[in-house]
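In what follows, a structure is listed as structure tokens, so that the remarks can point back to it.
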Amino acid sequence: MWNYSFVLPDFIILSLFLVYFFLQPRLSTKLNKSFFSILVTDFLVILTDALASMSLENAQYFSPFALRSINVLYFMLFNFRTFCFFSFTENCIGRRNSSTKFQPLFRSLVFMLAEAIALANLFTDTLFSISPEGLYARGALYNSIYVCGLYYLAVSFIELFFYQKELRYGSMYAAVTYNLVLLVGYFVRNLFPHYLIMNLFSLAAIIIIYLSYENPAIYLAGKTNAFNKKALLLLLEELHDEKKPLVIGFVIHNYNELREIYSGLQMDKGITLIGQYLARHYPRLYRFYLHDGRFVLIGRDNSQTESICQKIRKRFTQGWKAGSDVDLYLEAGFVQLDREVRIENSEQILNGLLTAFKEVSTLEKAHVVIGSDTIKIIEQNTLVKRAVEHAVEQNAVEMFLQPLIDAKTHELVGAEALARIRNDNGELIPPVQFIPIAEKNGRINQLGEQMFEKACEFIHSHNIEKMGIQWINVNLSPVQFLRRDLNTRFEEILRKYQVEAEKIHLEITEESMIDYALLQKQIQTMKETGFQFVLDDYGSGYSNVSRLKRCPFINVKLDMEIVWDYFKEQDKILPTMVQTFKQMHFTVTAEGVETLEMADAMKEIGCDYLQGYYFSKPLPASEFVQKYSTAL
């Protein structure tokens with residue numbers, strides 16, 4: 001009557017999944033619990049499907065109520081499996097955190113109705129009927145199982161579409177794929193009712209889920225058998241509702257240098273030994289390895305924080321035996337989450353840990369507590385990062401201009417283009433906050449290119465000569481300066497706005513001079529196009545006059561700090577330095593000029609140009625035009 005050819009393979013494969021699930025280390029998260037529910041329920045569905053079918057084929061050995069009970073149990077488990085897959089999708093999206101207390105009840109309403117219809121079949125023929133001879137027939141409400149399945153699949157597809165940006169774990173494509181597989185399974189089951197084939201499609205969906213979301217290789221750091229950074233984020237997300245969890249981390253001091261001293265192979269053995277030590281002594285804590293000698297322990301009771309730190313610190317006073325004749329003597333710095341800090345944002349906590357690891361990675365600082373102040377700073381950086389992303393993507397980086405003044409005549413001769421971005425409230429974010437973040441997240445190239453294009457557009461749209469402007473300075477970050485195609489991209493923008501390269505002076509900092517060979521090659525290439533270069537912020541970093549002899553700069557800008565220092569206590573160092581630059585045929589610009597006395601002093605020591613608040617703060621391009629056009 002029924003075809004059982006798919007049952008045994010499904011049963012064997014699913015049994016292996018269950019065994020393997022228990023053998024591998026797992027995080028106690030809603031996602032893993034949801035997957036486990038799918039495995040167990042699918043196992044029971046396969047079992048009851050086969051038992052129900054065989055009982056009907058051997059009806060003479062069963063009472064009518066027993067036949068009904070076995071089949072009702074199968075349909076109830078069938079509906080529950082549908083709901084388990086839906087719950088897994090919900091957990092992937094993260095809708096569980098945003099749901100109100102009424103939404104879970106509303107979402108399970110169809111499931112509960114389908115279960116009620118199935119349970120009612122114990123007393124009346126809702127889903128199916130069984131004759132005294134054991135003949136099975138569909139009931140009037142049989143299609144309720146398909147309505148239930150299609151309803152939850154439809155809701156899953158809708159939520160995946162509308163909340164795809166909130167998909168927290170795994171791949172969007174994987175979530176869509178396993179739901180499509182289930183959809184096909186429902187249609188095939190309806191077309192071939194005598195084949196126990198729906199379980200095959202459920203198994204296929206389980207395999208997709210496993211490979212995309214539950215594969216241990218995704219969450220484990222190989223050397224230590226501990227969890228990795230992705231797993232740490234997942235668990236921190238789960239601890240959102242926990243009060244005062246235990247979060248401890250430690251990092252091996254000077255890890256990269258030690259890898260060179262001991263060799264990578266020996267250090268890897270040492271990392272493995274540390275992981276084994278943590279597994280033996282703290283089996284109830286979740287253990288994470290974030291590479292570069294960084295470990296994290298997480299638990300639900302922070303009362304043991306100090307004692308755990310002391311025990312691990314004491315263990316580091318002994319060597320780690322990485323071979324028969326090799327003992328690794330390592331030191332570690334510790335970080336911990338303050339007891340009063342709640343985990344409200346997993347990424348903020350992770351960033352706090354990584355920031356603290358940097359602080360304790362050398363011997364100077366041995367223990368850092370991540371408090372609410374640290375979290376606030378990280379939260380602010382997150383907002384700045386979001387503002388940078390928005391500004392770059394929407395081409396909303398604003399160009400401000402600050403005048404460059406002739407030191408002798410105090411007349412306008414040039415301007416520096418300065419990037420500005422705003423937060424969600426429309427307030428300007430200081431460059432010292434957003435520039436480092438733009439460099440770290442890779443947006444500095446786009447930001448710098450947009451600024452260059454806005455400067456070219458400004459020159460094209462305004463009669464800058466009439467304002468007295470001979471050139472506009474545009475800043476290049478060290479990261480942007482490394483681009484091999486920088487000259488090509490800038491040339492295209494110059495052609496687009498029909499601007500001569502001589503109208504743009506490119507400012508680079510001393511930090512860009514670390515790779516001297518690349519510096520010379522890049523400058524020479526761009527000089528052939530017509531660009532001229534200015535050394536910015538001289539005196540703030542790798543100041544080296546001898547290296548400047550071989551660099552074709554036309555101007556050196558003195559960092560405002562050394563200008564202010566000279567004005568506070570005048571000596572011969574800065575005047576001598578300025579004269580040295582002049583003899584090397586560089587013009588000199590003094591930054592940070594805030595008073596007439598400072599302007600006169602800088603002129604007296606030989607500076608050619610002045611820049612600072614005494615003349616003007618940076619202005620939006622429109623205000624700059626209005627001010628200096630009116631001044632004519």
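Note on naming: chains are A, B, ... as they come in the structure tokens, residues start from 1 per chain, ligands start from 1 in the order shown.
Shell of segment 554-570 of chain A at 8 Å, with only C-alpha atoms counted and residues fewer than 2 places along the chain excluded, is Gln532, Phe533, Val534, Leu535, Asp536, Asp537, Tyr538, Gly539, Ser540, Pro552, Lys572, Leu574, Phe581, His585, Phe586, Thr587, Val588, Thr589, Ala590, Glu591, Gly592, Val593, Met598 and Ala601 of chain A.
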*Report the residues of segment 82-272 of chain A whose backbone DSSP state falls under strand (DSSP E or B), written as a PyMOL selection string.*
chain A and resi 128-130+136-138+195+220-221+226-227+246-252
*Within segment 416-519 of chain A, find each residue whose DSSP state, derived from the backbone, is helix (DSSP H, G or I), and express the selection as a PyMOL selection string.*
chain A and resi 431-440+444-461+464-467+478-481+486-497+501-503+510-513+516-519
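With atom CA of Thr29 of chain A on one side and atom CA of Leu235 of chain A on the other, the separation reads 6.6 Å.
Every protein, DNA or RNA residue with an atom at most 12 Å from Pro431 of chain A, where only C-alpha atoms count and chain neighbours fewer than 5 positions away do not, is listed here: Val384, Val388, Val397, Glu398, Phe400, Leu418, Ala419, Arg420, Ile421, Arg422, Pro436, Ile437, Ala438, Glu439 and Ile444 of chain A.
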Limited to all heavy atoms, could you put the picked residues into a file as a compact mmCIF listing (two decimals), in the first residue's frame?
# COMPACT_ATOMS: atom_id res chain seq x y z
N VAL A 384 29.75 56.72 14.63
CA VAL A 384 30.62 57.41 13.67
C VAL A 384 30.84 56.53 12.45
O VAL A 384 30.79 57.00 11.30
CB VAL A 384 31.97 57.77 14.33
CG1 VAL A 384 32.94 58.32 13.27
CG2 VAL A 384 31.76 58.80 15.43
N VAL A 388 29.98 57.42 8.62
CA VAL A 388 30.96 57.34 7.52
C VAL A 388 30.40 56.51 6.38
O VAL A 388 30.49 56.90 5.21
CB VAL A 388 32.29 56.73 8.03
CG1 VAL A 388 33.22 56.42 6.86
CG2 VAL A 388 32.98 57.70 8.99
N VAL A 397 29.64 63.36 1.71
CA VAL A 397 30.81 63.97 2.35
C VAL A 397 30.83 65.45 1.94
O VAL A 397 30.77 65.77 0.75
CB VAL A 397 32.11 63.27 1.92
CG1 VAL A 397 33.32 63.93 2.58
CG2 VAL A 397 32.05 61.79 2.25
N GLU A 398 30.91 66.32 2.92
CA GLU A 398 30.89 67.76 2.64
C GLU A 398 32.31 68.30 2.53
O GLU A 398 33.21 67.86 3.25
CB GLU A 398 30.14 68.51 3.74
CG GLU A 398 28.68 68.11 3.88
CD GLU A 398 27.99 68.88 4.97
OE1 GLU A 398 28.30 70.08 5.14
OE2 GLU A 398 27.13 68.29 5.66
N PHE A 400 34.62 71.43 3.17
CA PHE A 400 34.86 72.73 3.79
C PHE A 400 36.19 73.27 3.25
O PHE A 400 37.07 72.48 2.88
CB PHE A 400 34.92 72.60 5.31
CG PHE A 400 33.58 72.56 5.98
CD1 PHE A 400 32.56 71.71 5.53
CD2 PHE A 400 33.31 73.37 7.06
CE1 PHE A 400 31.33 71.67 6.15
CE2 PHE A 400 32.06 73.35 7.69
CZ PHE A 400 31.08 72.50 7.24
N LEU A 418 38.81 70.33 3.14
CA LEU A 418 38.73 69.48 4.32
C LEU A 418 37.40 68.72 4.32
O LEU A 418 36.35 69.32 4.10
CB LEU A 418 38.84 70.32 5.60
CG LEU A 418 40.16 71.10 5.74
CD1 LEU A 418 40.04 72.16 6.82
CD2 LEU A 418 41.30 70.14 6.06
N ALA A 419 37.47 67.42 4.55
CA ALA A 419 36.27 66.58 4.55
C ALA A 419 35.52 66.73 5.86
O ALA A 419 36.12 66.77 6.95
CB ALA A 419 36.66 65.12 4.34
N ARG A 420 34.21 66.79 5.76
CA ARG A 420 33.35 66.85 6.93
C ARG A 420 32.15 65.93 6.71
O ARG A 420 31.60 65.87 5.60
CB ARG A 420 32.85 68.27 7.19
CG ARG A 420 33.95 69.27 7.54
CD ARG A 420 34.51 68.99 8.92
NE ARG A 420 35.48 69.99 9.34
CZ ARG A 420 36.80 69.90 9.15
NH1 ARG A 420 37.29 68.83 8.52
NH2 ARG A 420 37.61 70.84 9.58
N ILE A 421 31.76 65.22 7.75
CA ILE A 421 30.54 64.40 7.70
C ILE A 421 29.71 64.71 8.93
O ILE A 421 30.22 65.21 9.93
CB ILE A 421 30.84 62.89 7.61
CG1 ILE A 421 31.56 62.41 8.87
CG2 ILE A 421 31.66 62.56 6.37
CD1 ILE A 421 31.75 60.91 8.91
N ARG A 422 28.44 64.39 8.87
CA ARG A 422 27.51 64.69 9.95
C ARG A 422 26.91 63.40 10.52
O ARG A 422 26.77 62.41 9.82
CB ARG A 422 26.40 65.62 9.47
CG ARG A 422 26.93 66.97 8.94
CD ARG A 422 25.79 67.89 8.51
NE ARG A 422 26.32 69.12 7.92
CZ ARG A 422 26.62 70.21 8.61
NH1 ARG A 422 26.44 70.21 9.92
NH2 ARG A 422 27.10 71.28 8.00
N PRO A 436 40.26 58.07 11.30
CA PRO A 436 40.81 56.74 11.65
C PRO A 436 39.83 55.61 11.38
O PRO A 436 40.24 54.52 10.94
CB PRO A 436 41.10 56.87 13.16
CG PRO A 436 41.26 58.33 13.40
CD PRO A 436 40.29 58.98 12.45
N ILE A 437 38.54 55.85 11.63
CA ILE A 437 37.53 54.80 11.39
C ILE A 437 37.40 54.53 9.89
O ILE A 437 37.30 53.38 9.46
CB ILE A 437 36.19 55.21 12.01
CG1 ILE A 437 36.29 55.17 13.53
CG2 ILE A 437 35.05 54.32 11.51
CD1 ILE A 437 35.06 55.63 14.26
N ALA A 438 37.42 55.60 9.08
CA ALA A 438 37.35 55.42 7.62
C ALA A 438 38.55 54.66 7.10
O ALA A 438 38.45 53.86 6.16
CB ALA A 438 37.25 56.78 6.94
N GLU A 439 39.72 54.86 7.73
CA GLU A 439 40.93 54.13 7.31
C GLU A 439 40.83 52.66 7.69
O GLU A 439 41.25 51.78 6.93
CB GLU A 439 42.16 54.76 7.95
CG GLU A 439 42.51 56.13 7.36
CD GLU A 439 43.71 56.77 8.03
OE1 GLU A 439 44.01 56.41 9.19
OE2 GLU A 439 44.33 57.63 7.39
N ILE A 444 38.24 55.00 3.39
CA ILE A 444 39.04 56.22 3.19
C ILE A 444 39.34 56.46 1.72
O ILE A 444 39.46 57.62 1.28
CB ILE A 444 40.35 56.13 4.02
CG1 ILE A 444 41.03 57.50 4.08
CG2 ILE A 444 41.28 55.07 3.45
CD1 ILE A 444 40.26 58.53 4.83
*Can you pull out every residue within 12 Å of Ser63 of chain A, counting only C-alpha atoms, but drop anything in the same chain fewer than 4 positions away, and send it as a list in words?*
Ser55, Leu56, Asn58, Ala59, Leu67, Arg68, Ser69, Ile70, Ile130, Ser131, Pro132, Glu133 and Gly134 of chain A
